[in-house]
$ cat run-v8.tsv   # TSV, C-alpha atoms
chain	number	residue	atom	x	y	z
W	314	MET	CA	172.93	24.51	309.87
W	315	LEU	CA	171.80	24.21	306.27
W	316	ARG	CA	174.25	25.62	303.72
W	317	THR	CA	172.76	24.88	300.32
W	318	VAL	CA	169.40	24.71	298.60
W	319	GLU	CA	169.98	20.97	298.13
W	320	GLU	CA	170.37	20.51	301.90
W	321	LEU	CA	167.27	22.61	302.50
W	322	GLU	CA	165.20	20.61	300.01
W	323	ALA	CA	166.42	17.36	301.57
W	324	ALA	CA	165.36	18.55	305.02
W	325	LEU	CA	161.93	19.59	303.75
W	326	ALA	CA	161.47	16.20	302.05
W	327	THR	CA	162.25	14.05	305.10
W	328	PRO	CA	159.05	12.51	306.50
W	329	ASP	CA	158.67	11.52	310.12
W	330	ASP	CA	157.19	8.21	311.26
W	331	ALA	CA	153.71	9.64	311.83
W	332	LEU	CA	153.49	10.93	308.27
W	333	VAL	CA	154.80	7.66	306.83
W	334	ASP	CA	152.18	5.73	308.81
W	335	ASP	CA	149.37	8.02	307.62
W	336	VAL	CA	150.49	7.80	303.99
W	337	ALA	CA	150.75	4.01	304.26
W	338	ARG	CA	147.08	3.70	305.22
W	339	LEU	CA	145.89	6.28	302.71
W	340	GLN	CA	143.88	4.69	299.91
W	341	GLY	CA	144.67	5.76	296.34
W	342	ASP	CA	147.03	8.10	294.53
W	343	ILE	CA	147.96	11.68	295.49
W	344	LEU	CA	147.42	14.61	293.14
W	345	ILE	CA	148.81	18.07	293.92
W	346	LEU	CA	147.22	20.92	291.97
W	347	GLY	CA	149.26	24.11	291.86
W	348	ALA	CA	152.54	22.38	292.60
W	349	GLY	CA	154.83	25.01	291.09
W	350	GLY	CA	154.75	27.71	293.78
W	351	LYS	CA	156.69	28.23	297.00
W	352	MET	CA	155.22	25.23	298.84
W	353	GLY	CA	154.13	22.88	296.07
W	354	PRO	CA	157.50	21.40	295.06
W	355	SER	CA	158.52	20.57	298.63
W	356	LEU	CA	155.04	19.14	299.32
W	357	ALA	CA	155.35	16.86	296.29
W	358	ARG	CA	158.82	15.69	297.31
W	359	LEU	CA	157.68	15.04	300.88
W	360	ALA	CA	154.69	13.04	299.65
W	361	ARG	CA	156.90	10.97	297.36
W	362	ALA	CA	159.48	10.37	300.10
W	363	ALA	CA	156.72	9.22	302.47
W	364	VAL	CA	155.34	6.84	299.83
W	365	VAL	CA	158.80	5.34	299.27
W	366	ARG	CA	159.46	4.92	302.98
W	367	ALA	CA	156.02	3.40	303.50
W	368	GLY	CA	156.73	0.86	300.76
W	369	VAL	CA	153.34	1.33	299.12
W	370	ASP	CA	152.36	1.45	295.45
W	371	LYS	CA	151.02	4.98	295.12
W	372	ARG	CA	151.48	7.64	292.45
W	373	VAL	CA	152.34	11.19	293.44
W	374	MET	CA	151.34	13.59	290.65
W	375	ALA	CA	152.12	17.32	290.52
W	376	VAL	CA	150.21	19.68	288.23
W	377	ALA	CA	151.26	23.28	287.51
W	378	ARG	CA	152.10	25.65	284.70
W	379	PHE	CA	155.77	25.05	285.63
W	380	SER	CA	156.96	28.37	284.26
W	381	ASP	CA	160.34	27.35	285.69
W	382	SER	CA	161.14	24.15	283.79
W	383	ALA	CA	163.91	23.34	286.27
W	384	VAL	CA	161.32	22.81	289.01
W	385	GLN	CA	159.49	20.30	286.84
W	386	ALA	CA	162.70	18.50	285.98
W	387	ASP	CA	163.76	18.31	289.63
W	388	LEU	CA	160.41	16.82	290.66
W	389	ALA	CA	160.52	14.28	287.87
W	390	ALA	CA	164.02	13.24	288.94
W	391	PHE	CA	162.69	12.75	292.47
W	392	GLY	CA	160.05	10.32	291.21
W	393	VAL	CA	157.07	12.69	291.11
W	394	GLU	CA	154.92	12.48	287.98
W	395	THR	CA	154.63	16.01	286.60
W	396	ILE	CA	151.93	17.46	284.35
W	397	ARG	CA	152.32	20.89	282.79
W	398	ALA	CA	148.84	22.42	282.60
W	399	ASP	CA	146.89	25.65	282.89
W	400	LEU	CA	144.12	24.78	285.31
W	401	MET	CA	142.13	27.82	284.22
W	402	ASP	CA	141.42	25.95	280.97
W	403	GLU	CA	138.34	23.83	281.70
W	404	ARG	CA	139.22	21.36	278.94
W	405	VAL	CA	142.63	20.76	280.51
W	406	LEU	CA	141.08	20.28	283.97
W	407	LYS	CA	138.68	17.71	282.56
W	408	ASP	CA	141.53	15.66	281.06
W	409	LEU	CA	143.67	15.47	284.20
W	410	PRO	CA	144.10	11.99	285.72
W	411	ASP	CA	141.76	10.78	288.43
W	412	ALA	CA	143.01	10.54	292.01
W	413	ASP	CA	141.52	9.63	295.36
W	414	ASN	CA	143.49	12.31	297.22
W	415	VAL	CA	143.77	15.91	296.02
W	416	LEU	CA	145.75	18.75	297.56
W	417	TYR	CA	144.68	22.08	296.12
W	418	LEU	CA	147.30	24.85	296.33
W	419	VAL	CA	146.25	27.19	293.51
W	420	GLY	CA	145.75	30.83	294.47
W	421	HIS	CA	146.39	34.44	293.52
W	422	LYS	CA	147.43	36.98	296.17
W	423	PHE	CA	150.16	39.41	295.21
W	424	GLY	CA	149.04	41.72	292.46
W	425	THR	CA	145.40	41.52	293.52
W	426	VAL	CA	145.06	45.32	293.39
W	427	GLY	CA	144.35	46.11	289.76
W	428	GLN	CA	143.62	42.46	288.93
W	429	GLU	CA	140.57	41.85	291.09
W	430	PRO	CA	138.63	39.84	288.45
W	431	LEU	CA	141.57	37.46	287.98
W	432	THR	CA	141.90	37.10	291.75
W	433	TRP	CA	138.26	36.09	292.11
W	434	ALA	CA	138.47	33.73	289.14
W	435	MET	CA	141.51	31.91	290.52
W	436	ASN	CA	140.52	31.95	294.18
W	437	THR	CA	136.78	31.29	293.91
W	438	TRP	CA	135.61	30.16	290.45
W	439	LEU	CA	138.43	27.67	289.81
W	440	PRO	CA	138.10	25.86	293.17
W	441	GLY	CA	134.44	25.28	292.39
W	442	LEU	CA	135.40	23.68	289.08
W	443	VAL	CA	138.06	21.54	290.77
W	444	ALA	CA	135.57	20.33	293.38
W	445	GLU	CA	133.19	19.40	290.57
W	446	ARG	CA	135.93	17.54	288.65
W	447	TYR	CA	137.18	15.70	291.75
W	448	ARG	CA	133.84	15.16	293.42
W	449	ASP	CA	134.81	11.54	294.21
W	450	ALA	CA	138.12	12.43	295.86
W	451	ARG	CA	139.21	13.68	299.26
W	452	ILE	CA	140.28	17.33	298.93
W	453	VAL	CA	142.56	19.28	301.24
W	454	ALA	CA	142.25	22.85	300.00
W	455	TYR	CA	144.78	25.43	301.09
W	456	SER	CA	143.15	28.57	302.46
W	457	THR	CA	144.45	31.36	304.66
W	458	GLY	CA	144.14	32.94	308.09
W	459	ASN	CA	143.30	36.16	306.22
W	460	VAL	CA	139.65	35.10	306.27
W	461	TYR	CA	139.61	36.02	309.98
W	462	PRO	CA	139.37	39.52	311.43
W	463	PHE	CA	142.21	41.06	313.38
W	464	VAL	CA	142.00	39.81	316.96
W	465	PRO	CA	143.47	41.17	320.21
W	466	VAL	CA	147.09	40.16	320.63
W	467	ILE	CA	146.29	38.80	324.09
W	468	SER	CA	143.49	36.56	322.73
W	469	GLY	CA	145.71	33.67	321.66
W	470	GLY	CA	144.55	33.99	318.06
W	471	ALA	CA	141.40	33.27	316.10
W	472	THR	CA	140.07	29.74	316.41
W	473	GLU	CA	138.06	27.85	313.83
W	474	ALA	CA	134.95	29.04	315.71
W	475	THR	CA	135.84	32.73	315.22
W	476	PRO	CA	133.42	34.30	312.72
W	477	THR	CA	135.09	35.13	309.44
W	478	ALA	CA	135.50	38.81	308.49
W	479	PRO	CA	137.97	39.07	305.60
W	480	ILE	CA	139.59	42.43	304.91
W	481	GLY	CA	140.17	43.30	301.24
W	482	GLU	CA	139.40	41.49	298.00
W	483	TYR	CA	142.13	38.87	298.30
W	484	ALA	CA	140.82	37.67	301.65
W	485	GLN	CA	137.20	37.96	300.48
W	486	SER	CA	137.94	35.82	297.43
W	487	CYS	CA	139.59	33.22	299.68
W	488	LEU	CA	136.44	33.03	301.77
W	489	GLY	CA	134.62	32.64	298.46
W	490	ARG	CA	136.87	29.65	297.74
W	491	GLU	CA	135.88	28.10	301.03
W	492	ARG	CA	132.18	28.69	300.43
W	493	LEU	CA	132.30	27.14	296.93
W	494	LEU	CA	134.17	24.11	298.19
W	495	ALA	CA	131.79	23.65	301.11
W	496	TRP	CA	128.81	23.94	298.77
W	497	GLN	CA	130.24	21.33	296.42
W	498	ALA	CA	131.07	19.06	299.35
W	499	GLY	CA	127.49	19.13	300.54
W	500	ARG	CA	126.14	18.80	297.03
W	501	HIS	CA	128.20	15.77	296.02
W	502	GLY	CA	129.15	14.27	299.38
W	503	THR	CA	132.82	15.09	298.76
W	504	PRO	CA	135.12	14.93	301.82
W	505	VAL	CA	136.88	18.30	302.08
W	506	LEU	CA	139.13	20.06	304.59
W	507	LEU	CA	139.87	23.81	304.47
W	508	PHE	CA	143.53	24.22	305.41
W	509	ARG	CA	143.78	27.76	306.84
W	510	LEU	CA	147.52	28.36	306.78
W	511	ASN	CA	149.16	31.33	308.46
W	512	TYR	CA	152.69	32.16	307.34
W	513	ALA	CA	154.68	29.10	306.45
W	514	ILE	CA	158.39	29.79	306.10
W	515	ASP	CA	161.51	28.18	304.80
W	516	LEU	CA	164.93	29.82	304.51
W	517	ARG	CA	164.20	31.41	301.12
W	518	TYR	CA	161.05	33.34	302.03
W	519	GLY	CA	158.80	34.29	304.92
W	520	ILE	CA	158.43	36.68	307.82
W	521	LEU	CA	161.57	35.55	309.63
W	522	LEU	CA	163.68	36.12	306.53
W	523	GLU	CA	162.20	39.59	306.00
W	524	VAL	CA	162.84	40.66	309.59
W	525	ALA	CA	166.33	39.12	309.56
W	526	ARG	CA	167.32	40.88	306.35
W	527	ALA	CA	166.01	44.22	307.63
W	528	VAL	CA	168.16	43.91	310.75
W	529	TYR	CA	171.20	42.64	308.83
W	530	GLU	CA	170.93	45.47	306.29
W	531	ASP	CA	170.30	48.11	308.97
W	532	ARG	CA	166.78	48.85	307.74
W	533	PRO	CA	163.91	49.58	310.17
W	534	VAL	CA	161.43	46.84	310.98
W	535	ALA	CA	157.82	47.97	310.47
W	536	LEU	CA	155.81	47.40	313.64
W	537	ALA	CA	152.28	48.14	312.42
W	538	MET	CA	151.15	44.50	312.60
W	539	GLY	CA	153.15	43.98	315.77
W	540	HIS	CA	152.69	40.25	316.23
W	541	VAL	CA	152.65	37.22	313.94
W	542	ASN	CA	152.48	33.41	313.78
W	543	VAL	CA	154.83	31.27	311.70
W	544	ILE	CA	155.32	27.56	310.98
W	545	TRP	CA	158.14	25.71	309.23
W	546	GLN	CA	157.12	24.75	305.71
W	547	GLY	CA	158.09	21.11	306.28
W	548	ASP	CA	155.71	20.88	309.24
W	549	ALA	CA	152.90	22.58	307.33
W	550	ASN	CA	153.35	20.18	304.40
W	551	ALA	CA	153.26	17.17	306.70
W	552	TYR	CA	150.06	18.44	308.30
W	553	ALA	CA	148.47	18.90	304.86
W	554	LEU	CA	149.19	15.32	303.82
W	555	ARG	CA	147.99	13.92	307.13
W	556	ALA	CA	144.87	16.10	306.91
W	557	LEU	CA	143.63	13.90	304.05
W	558	HIS	CA	142.42	11.54	306.77
W	559	HIS	CA	140.29	14.30	308.31
W	560	CYS	CA	138.28	15.47	305.30
W	561	THR	CA	134.51	15.29	305.77
W	562	THR	CA	131.44	16.34	303.83
W	563	SER	CA	130.93	19.22	306.28
W	564	ALA	CA	134.16	20.78	304.93
W	565	PRO	CA	135.70	21.71	308.30
W	566	ALA	CA	138.32	24.42	308.61
W	567	LEU	CA	141.65	23.72	310.27
W	568	ASN	CA	144.02	26.46	311.42
W	569	VAL	CA	147.65	25.67	310.65
W	570	THR	CA	150.47	27.74	312.13
W	571	GLY	CA	153.00	27.67	314.95
W	572	PRO	CA	152.09	27.75	318.65
W	573	GLU	CA	153.63	31.14	319.51
W	574	THR	CA	152.24	34.64	319.25
W	575	ILE	CA	155.52	36.29	318.24
W	576	ALA	CA	156.31	39.96	318.76
W	577	LEU	CA	158.18	41.51	315.85
W	578	ARG	CA	160.33	43.41	318.36
W	579	TYR	CA	161.37	40.08	319.85
W	580	LEU	CA	162.29	38.68	316.43
W	581	ALA	CA	164.29	41.79	315.55
W	582	HIS	CA	166.21	41.68	318.82
W	583	GLU	CA	166.93	37.95	318.43
W	584	PHE	CA	168.39	38.51	314.97
W	585	ALA	CA	170.28	41.57	316.21
W	586	VAL	CA	172.00	39.45	318.87
W	587	ARG	CA	173.04	36.88	316.25
W	588	PHE	CA	174.29	39.57	313.86
W	589	GLY	CA	175.96	41.75	316.49
W	590	ARG	CA	173.83	44.76	315.52
W	591	GLU	CA	171.20	47.08	316.92
W	592	PRO	CA	167.68	46.76	315.48
W	593	ARG	CA	165.77	49.77	314.24
W	594	PHE	CA	162.00	50.17	314.12
W	595	VAL	CA	159.34	52.31	312.48
W	596	GLY	CA	155.79	52.74	313.72
W	597	GLU	CA	154.11	51.30	316.78
W	598	GLU	CA	152.47	47.99	317.56
W	599	SER	CA	148.69	47.74	317.22
W	600	PRO	CA	146.65	46.03	319.93
W	601	THR	CA	145.23	43.66	317.29
W	602	ALA	CA	146.84	41.46	314.64
W	603	LEU	CA	146.12	38.69	312.15
W	604	LEU	CA	146.68	35.71	314.43
W	605	SER	CA	145.46	32.12	314.42
W	606	ASN	CA	145.17	29.51	317.15
W	607	ALA	CA	146.19	26.11	315.78
W	608	GLY	CA	145.37	24.13	318.90
W	609	ARG	CA	143.06	21.79	317.01
W	610	ALA	CA	145.80	20.91	314.52
W	611	PHE	CA	148.22	20.20	317.36
W	612	GLY	CA	145.62	17.88	318.89
W	613	LEU	CA	145.41	15.95	315.62
W	614	PHE	CA	149.07	15.91	314.59
W	615	GLY	CA	151.17	17.00	317.57
W	616	TYR	CA	153.26	20.16	317.83
W	617	PRO	CA	155.52	21.19	314.93
W	618	ARG	CA	158.90	19.47	314.92
W	619	MET	CA	160.76	22.69	314.12
W	620	THR	CA	160.99	25.11	317.05
W	621	LEU	CA	160.96	28.88	316.73
W	622	THR	CA	164.51	29.13	318.11
W	623	GLN	CA	165.81	26.69	315.52
W	624	MET	CA	164.05	28.59	312.74
W	625	ILE	CA	165.62	31.85	313.92
W	626	ASP	CA	169.07	30.23	314.08
W	627	TRP	CA	168.77	28.72	310.60
W	628	VAL	CA	167.43	31.90	309.01
W	629	ALA	CA	170.16	34.02	310.63
W	630	HIS	CA	172.85	31.69	309.31
W	631	TRP	CA	171.25	31.67	305.84
W	632	VAL	CA	171.21	35.48	305.70
W	633	GLN	CA	174.79	35.81	306.88
W	634	ALA	CA	175.91	33.22	304.34
W	635	GLY	CA	174.16	35.05	301.49
W	636	GLY	CA	171.74	32.18	300.83
W	637	VAL	CA	169.41	32.44	297.83
W	638	THR	CA	165.89	33.79	298.31
W	639	HIS	CA	162.67	33.71	296.29
W	640	GLY	CA	162.40	37.51	296.32
W	641	LYS	CA	158.72	37.29	297.20
W	642	PRO	CA	157.82	39.41	300.25
W	643	THR	CA	154.83	38.32	302.34
W	644	HIS	CA	153.53	41.87	302.98
W	645	PHE	CA	152.70	40.63	306.46
W	646	GLU	CA	152.59	44.24	307.69
W	647	GLU	CA	149.58	45.02	305.45
W	648	ARG	CA	146.51	45.95	307.55
W	649	GLU	CA	144.20	47.19	304.77
W	650	GLY	CA	144.03	43.94	302.79
W	651	ARG	CA	145.68	45.43	299.70
W	652	PHE	CA	148.08	42.95	298.14
$ encode --input "run-v8.tsv" --output "structure tokens"
Amino acid sequence: MLRTVEELEAALATPDDALVDDVARLQGDILILGAGGKMGPSLARLARAAVVRAGVDKRVMAVARFSDSAVQADLAAFGVETIRADLMDERVLKDLPDADNVLYLVGHKFGTVGQEPLTWAMNTWLPGLVAERYRDARIVAYSTGNVYPFVPVISGGATEATPTAPIGEYAQSCLGRERLLAWQAGRHGTPVLLFRLNYAIDLRYGILLEVARAVYEDRPVALAMGHVNVIWQGDANAYALRALHHCTTSAPALNVTGPETIALRYLAHEFAVRFGREPRFVGEESPTALLSNAGRAFGLFGYPRMTLTQMIDWVAHWVQAGGVTHGKPTHFEEREGRF
């Protein structure tokens, strides 16, 4: 069990042999844009750790506003080159260092309602500018499973062939991001991959934490969405780095999540057993949910290393121990696309 944030960060920054091998044969430096959020710091550390283990001469650069200066300092101490920048400033974007490999994590989701213009600017306009600036790089651009419609729970989840049908302005702007990146890829011959991520978690945030805390605090678990997918953040980060080898000018999409379609009732009961409590619920399950099928990713990279049972065990222990959290709910239960 992990007991401290330092142990958690160390676990997230431990590359496996497959990632080290892929980083070793990757040509050029790695640039992470939007490295100050929930996933960016651990992605940067993992990339740096893989570079060190591979024994290659490769810069790992992390760009963000770094509103929390401690995050920037921690990355710098780990050997990541940090750049404090507002990417919405076109002059700043122009002056960023060149790189052969770009991971694009910038996005705006929570607070979309009431800030729709900002959401579209960050999620659609800015990616187009980035693709123009880094037209000669490979770009793995984080997207979301929210671009898909709700699908029947028994379907196994939306595949990359499922027609997009985003609900709400956040999801629509994310599809806009994909369209701008695909257009720039075709226009300039830029290799791009659209990384459609569904619900990464670590111990400080995510669906498992929210369900666990509801059970632990004797609050009802909302069942409206009914079923979800999750993947350990460390596995998602490893997939993103390895996906740099699968960028093409056709800008393919790749679903990234765990292999299970997980019932919220199941999660609540599992946490209840670990906490010695009875779960409570509100609402009823819907026959459809926002679910993705990541079979293609598993074919490329193998199944996630972290199992669902281990994630449940670790999250339960973290909650009982009073572990720190980001305080950023996922709003996974939202079915109207209002974030």
$ closest_residue --input "run-v8.tsv" --among "W:Ser382, W:Leu522, W:Gly481, W:Ala607" --to "Tyr552 of chain W" --atoms "only C-alpha atoms"
W:Ala607
$ closest_atom_pairs --input "run-v8.tsv" --of "segment 462-567 of chain W" --to "segment 624-630 of chain W" --cutoff "7 Å" --atoms "only C-alpha atoms" --output "Markdown table"
| residue | atom | partner | partner_atom | distance |
| --- | --- | --- | --- | --- |
| W:Leu516 | CA | W:Val628 | CA | 5.6 |
| W:Leu521 | CA | W:Val628 | CA | 6.9 |
| W:Leu522 | CA | W:Val628 | CA | 6.2 |
| W:Ala525 | CA | W:Ala629 | CA | 6.5 |
$ residues_around --input "run-v8.tsv" --residues "segment 486-492 of chain W" --least-positions-apart "3" --cutoff "8 Å" --atoms "only C-alpha atoms" --output "count of residues only"
16
$ closest_residue --input "run-v8.tsv" --among "W:Phe584, W:Asp408, W:Leu431, W:Arg451" --to "His559 of chain W" --atoms "all atoms listed in the file"
W:Arg451
$ residues_near_point --input "run-v8.tsv" --point "(154.5, 2.1, 297.5)" --cutoff "12 Å" --atoms "only C-alpha atoms" --output "list in words"
Val333, Val336, Ala337, Arg338, Leu339, Gln340, Gly341, Asp342, Ile343, Ala360, Arg361, Ala362, Ala363, Val364, Val365, Arg366, Ala367, Gly368, Val369, Asp370, Lys371, Arg372, Val373 and Gly392 of chain W
$ atom_distance --input "run-v8.tsv" --atom1 "atom CA of Ala454 of chain W" --atom2 "atom CA of Tyr417 of chain W"
4.6 Å
$ axis_aligned_box --input "run-v8.tsv" --around "segment 350-361 of chain W" --padding-each-side "3 Å" --output "AutoDock Vina command-line options"
--center_x 156.5 --center_y 19.6 --center_z 297.3 --size_x 10.7 --size_y 23.3 --size_z 13.1
$ closest_residue --input "run-v8.tsv" --among "W:Pro462, W:Gly615, W:Pro410, W:Gly635" --to "Leu603 of chain W" --atoms "only C-alpha atoms"
W:Pro462
$ atom_distance --input "run-v8.tsv" --atom1 "atom CA of Ala471 of chain W" --atom2 "atom CA of Ala549 of chain W"
18.0 Å
$ closest_residue --input "run-v8.tsv" --among "W:Glu597, W:Phe614, W:Phe423, W:Arg509" --to "Asp330 of chain W" --atoms "all atoms listed in the file"
W:Phe614
$ closest_residue --input "run-v8.tsv" --among "W:Pro617, W:Pro354, W:Gly650, W:Gly596" --to "Glu573 of chain W" --atoms "only C-alpha atoms"
W:Pro617
$ atom_distance --input "run-v8.tsv" --atom1 "atom CA of Asp402 of chain W" --atom2 "atom CA of Val419 of chain W"
13.5 Å
$ residues_around --input "run-v8.tsv" --residues "Pro592 of chain W" --least-positions-apart "5" --cutoff "12 Å" --atoms "all atoms listed in the file" --output "JSON list (two decimals) with C-alpha atoms, in the coordinates of the input"
[["chain", "number", "residue", "atom", "x", "y", "z"],
["W", 524, "VAL", "CA", 162.84, 40.66, 309.59],
["W", 525, "ALA", "CA", 166.33, 39.12, 309.56],
["W", 526, "ARG", "CA", 167.32, 40.88, 306.35],
["W", 527, "ALA", "CA", 166.01, 44.22, 307.63],
["W", 528, "VAL", "CA", 168.16, 43.91, 310.75],
["W", 529, "TYR", "CA", 171.20, 42.64, 308.83],
["W", 530, "GLU", "CA", 170.93, 45.47, 306.29],
["W", 531, "ASP", "CA", 170.30, 48.11, 308.97],
["W", 532, "ARG", "CA", 166.78, 48.85, 307.74],
["W", 533, "PRO", "CA", 163.91, 49.58, 310.17],
["W", 534, "VAL", "CA", 161.43, 46.84, 310.98],
["W", 535, "ALA", "CA", 157.82, 47.97, 310.47],
["W", 577, "LEU", "CA", 158.18, 41.51, 315.85],
["W", 578, "ARG", "CA", 160.33, 43.41, 318.36],
["W", 579, "TYR", "CA", 161.37, 40.08, 319.85],
["W", 580, "LEU", "CA", 162.29, 38.68, 316.43],
["W", 581, "ALA", "CA", 164.29, 41.79, 315.55],
["W", 582, "HIS", "CA", 166.21, 41.68, 318.82],
["W", 583, "GLU", "CA", 166.93, 37.95, 318.43],
["W", 584, "PHE", "CA", 168.39, 38.51, 314.97],
["W", 585, "ALA", "CA", 170.28, 41.57, 316.21],
["W", 586, "VAL", "CA", 172.00, 39.45, 318.87],
["W", 587, "ARG", "CA", 173.04, 36.88, 316.25]]
$ residues_around --input "run-v8.tsv" --residues "Phe652 of chain W" --least-positions-apart "3" --cutoff "7 Å" --atoms "all atoms listed in the file" --output "list in words"
Lys422, Phe423, Gly424, Thr425 and Val426 of chain W
$ closest_residue --input "run-v8.tsv" --among "W:Ala484, W:Val443, W:Leu400, W:Leu506" --to "Tyr461 of chain W" --atoms "only C-alpha atoms"
W:Ala484
$ residues_around --input "run-v8.tsv" --residues "Asn568 of chain W" --least-positions-apart "3" --cutoff "12 Å" --atoms "all atoms listed in the file" --output "number ranges by chain"
W: 455-461, 470-475, 506-512, 542-544, 549, 552-553, 556, 565, 571-572, 604-613
$ residues_around --input "run-v8.tsv" --residues "Arg397 of chain W" --least-positions-apart "5" --cutoff "8 Å" --atoms "all atoms listed in the file" --output "PyMOL selection string"
chain W and resi 376-379
